[in-house]
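Asker: The structure follows.
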Amino acid sequence: MEERIRLAPVAAYNTQLEADLVAARLGAAGIRAFVKSDGLGGTFPGMPMATGGFQVMVAEADQEKGRAIVAEMGGQAVDRSSGTLEGPGWRVTRWLVPLAIVAIVLLGLARNPF
């Protein structure tokens, strides 16, 4: 029977490049890592900001070692219980993109209602 590996986030970033660099650093340390984001296939490039950023994921067994490496690099910590970034600044940024999308749609409807 196939064993399932449980994944856990070790860091989250605002850009794909930052997350890819951290995933590569973890790979160099022997920890398999990948970047998780939801940009809807490139349709909404700003969407990952609203859905948790670009998260660097590792196996649960490697989470502590991965968090230590991220901390050495000066990365952002991820809250273990919720999988979200710690700190009030991220909570504001997290809702900024959807709010901007709604504002753009409403302004577009106000200019040309149909």
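Every chain in the structure tokens has a letter given in the order shown (A, B, ...), and although residue numbers restart at 1 in each chain, ligands are simply numbered from 1 in the order shown.
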Could you give me, as a list in words, the residues within 9 Å of Arg32 of chain A, counting only C-alpha atoms and dropping anything in the same chain fewer than 4 positions from it?
Answerer: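 Near neighbours after the sequence-gap exclusion: Ala23, Ala24, Leu26, Gly27, Ala28, Met57, Val58, Ala59 and Asp62 of chain A.
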Asker: What does the structure give for the distance between atom CA of Ala19 of chain A and atom CA of Glu60 of chain A, in Å to one decimal?
Answerer: 18.0 Å
Asker: With only C-alpha atoms as the atoms that count, which of A:Ile5, A:Val102, A:Val22, A:Leu107 lies nearest to Glu72 of chain A?
Answerer: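 Checking each of A:Ile5, A:Val102, A:Val22, A:Leu107 against Glu72 of chain A, counting only C-alpha atoms, the winner is A:Val22.
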Asker: Which residues are near Leu21 of chain A? Cut-off 12 Å, only C-alpha atoms, ignore same chain within fewer than 2 positions. Put them as a PyMOL selection string.
Answerer: chain A and resi 11-13+15-19+23-28+33-35+54-56+70+73+75
Asker: Convert the current residue selection to file output with N, CA and C atoms, as a PDB file, in the first residue's frame.
Answerer:
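Here's the written file selection21.pdb:
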```
ATOM      1  N   ALA A  11       7.159  28.379   5.182  1.00  0.00           N
ATOM      2  CA  ALA A  11       7.308  29.809   4.925  1.00  0.00           C
ATOM      3  C   ALA A  11       6.318  30.230   3.851  1.00  0.00           C
ATOM      4  N   ALA A  12       6.046  31.525   3.790  1.00  0.00           N
ATOM      5  CA  ALA A  12       5.185  32.077   2.746  1.00  0.00           C
ATOM      6  C   ALA A  12       5.749  33.423   2.320  1.00  0.00           C
ATOM      7  N   TYR A  13       5.657  33.690   1.035  1.00  0.00           N
ATOM      8  CA  TYR A  13       6.250  34.899   0.471  1.00  0.00           C
ATOM      9  C   TYR A  13       5.274  35.584  -0.470  1.00  0.00           C
ATOM     10  N   THR A  15       6.196  36.825  -3.425  1.00  0.00           N
ATOM     11  CA  THR A  15       6.580  36.602  -4.817  1.00  0.00           C
ATOM     12  C   THR A  15       6.998  35.154  -5.036  1.00  0.00           C
ATOM     13  N   GLN A  16       6.789  34.703  -6.256  1.00  0.00           N
ATOM     14  CA  GLN A  16       7.170  33.346  -6.643  1.00  0.00           C
ATOM     15  C   GLN A  16       8.689  33.169  -6.555  1.00  0.00           C
ATOM     16  N   LEU A  17       9.427  34.204  -6.938  1.00  0.00           N
ATOM     17  CA  LEU A  17      10.886  34.121  -6.932  1.00  0.00           C
ATOM     18  C   LEU A  17      11.426  33.851  -5.532  1.00  0.00           C
ATOM     19  N   GLU A  18      10.947  34.592  -4.533  1.00  0.00           N
ATOM     20  CA  GLU A  18      11.416  34.378  -3.162  1.00  0.00           C
ATOM     21  C   GLU A  18      11.126  32.955  -2.704  1.00  0.00           C
ATOM     22  N   ALA A  19       9.914  32.492  -2.969  1.00  0.00           N
ATOM     23  CA  ALA A  19       9.534  31.142  -2.555  1.00  0.00           C
ATOM     24  C   ALA A  19      10.374  30.081  -3.270  1.00  0.00           C
ATOM     25  N   ALA A  23      12.781  27.267  -1.566  1.00  0.00           N
ATOM     26  CA  ALA A  23      12.593  25.848  -1.877  1.00  0.00           C
ATOM     27  C   ALA A  23      13.890  25.235  -2.397  1.00  0.00           C
ATOM     28  N   ALA A  24      14.627  25.987  -3.207  1.00  0.00           N
ATOM     29  CA  ALA A  24      15.916  25.494  -3.719  1.00  0.00           C
ATOM     30  C   ALA A  24      16.924  25.331  -2.580  1.00  0.00           C
ATOM     31  N   ARG A  25      16.934  26.268  -1.658  1.00  0.00           N
ATOM     32  CA  ARG A  25      17.855  26.194  -0.509  1.00  0.00           C
ATOM     33  C   ARG A  25      17.518  24.970   0.347  1.00  0.00           C
ATOM     34  N   LEU A  26      16.242  24.726   0.558  1.00  0.00           N
ATOM     35  CA  LEU A  26      15.825  23.544   1.328  1.00  0.00           C
ATOM     36  C   LEU A  26      16.231  22.271   0.589  1.00  0.00           C
ATOM     37  N   GLY A  27      16.083  22.271  -0.733  1.00  0.00           N
ATOM     38  CA  GLY A  27      16.497  21.120  -1.532  1.00  0.00           C
ATOM     39  C   GLY A  27      17.981  20.852  -1.402  1.00  0.00           C
ATOM     40  N   ALA A  28      18.774  21.919  -1.362  1.00  0.00           N
ATOM     41  CA  ALA A  28      20.224  21.769  -1.201  1.00  0.00           C
ATOM     42  C   ALA A  28      20.571  21.187   0.161  1.00  0.00           C
ATOM     43  N   ALA A  33      11.127  20.066  -1.123  1.00  0.00           N
ATOM     44  CA  ALA A  33      10.211  21.186  -0.928  1.00  0.00           C
ATOM     45  C   ALA A  33       9.630  21.615  -2.261  1.00  0.00           C
ATOM     46  N   PHE A  34       8.427  22.182  -2.210  1.00  0.00           N
ATOM     47  CA  PHE A  34       7.839  22.758  -3.415  1.00  0.00           C
ATOM     48  C   PHE A  34       7.031  23.987  -3.029  1.00  0.00           C
ATOM     49  N   VAL A  35       6.700  24.786  -4.026  1.00  0.00           N
ATOM     50  CA  VAL A  35       5.967  26.028  -3.802  1.00  0.00           C
ATOM     51  C   VAL A  35       4.509  25.817  -4.180  1.00  0.00           C
ATOM     52  N   PHE A  54       2.730  32.687  -1.667  1.00  0.00           N
ATOM     53  CA  PHE A  54       3.431  31.548  -2.257  1.00  0.00           C
ATOM     54  C   PHE A  54       4.019  30.763  -1.089  1.00  0.00           C
ATOM     55  N   GLN A  55       3.412  29.633  -0.755  1.00  0.00           N
ATOM     56  CA  GLN A  55       3.824  28.856   0.410  1.00  0.00           C
ATOM     57  C   GLN A  55       4.848  27.805   0.030  1.00  0.00           C
ATOM     58  N   VAL A  56       5.891  27.707   0.837  1.00  0.00           N
ATOM     59  CA  VAL A  56       6.907  26.671   0.663  1.00  0.00           C
ATOM     60  C   VAL A  56       6.487  25.502   1.542  1.00  0.00           C
ATOM     61  N   VAL A  70      14.805  28.293   7.123  1.00  0.00           N
ATOM     62  CA  VAL A  70      14.136  29.527   6.706  1.00  0.00           C
ATOM     63  C   VAL A  70      14.489  30.668   7.661  1.00  0.00           C
ATOM     64  N   MET A  73      17.804  32.101   6.983  1.00  0.00           N
ATOM     65  CA  MET A  73      17.792  32.928   5.782  1.00  0.00           C
ATOM     66  C   MET A  73      17.077  34.254   6.008  1.00  0.00           C
ATOM     67  N   GLY A  75      13.752  34.443   6.658  1.00  0.00           N
ATOM     68  CA  GLY A  75      12.417  34.320   6.080  1.00  0.00           C
ATOM     69  C   GLY A  75      11.305  34.567   7.084  1.00  0.00           C
TER      70      GLY A  75
END
```
Asker: Report, in Å with one decimal, the straight-line distance from atom CA of Val105 of chain A to atom CA of Ser37 of chain A.
Answerer: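 Atom CA of Ser37 of chain A lies 23.5 Å from atom CA of Val105 of chain A.
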Asker: Using only C-alpha atoms, pick whichever of A:Asn14, A:Ala71, A:Lys65, A:Arg4 has the shortest atom-to-atom distance to Ile31 of chain A.
Answerer: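 Using only C-alpha atoms, Ile31 of chain A sits closest to A:Lys65.
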Asker: One decimal, Å: what's the distance from atom CA of Gln63 of chain A over to atom CA of Gly30 of chain A, could you say?
Answerer: 12.5 Å
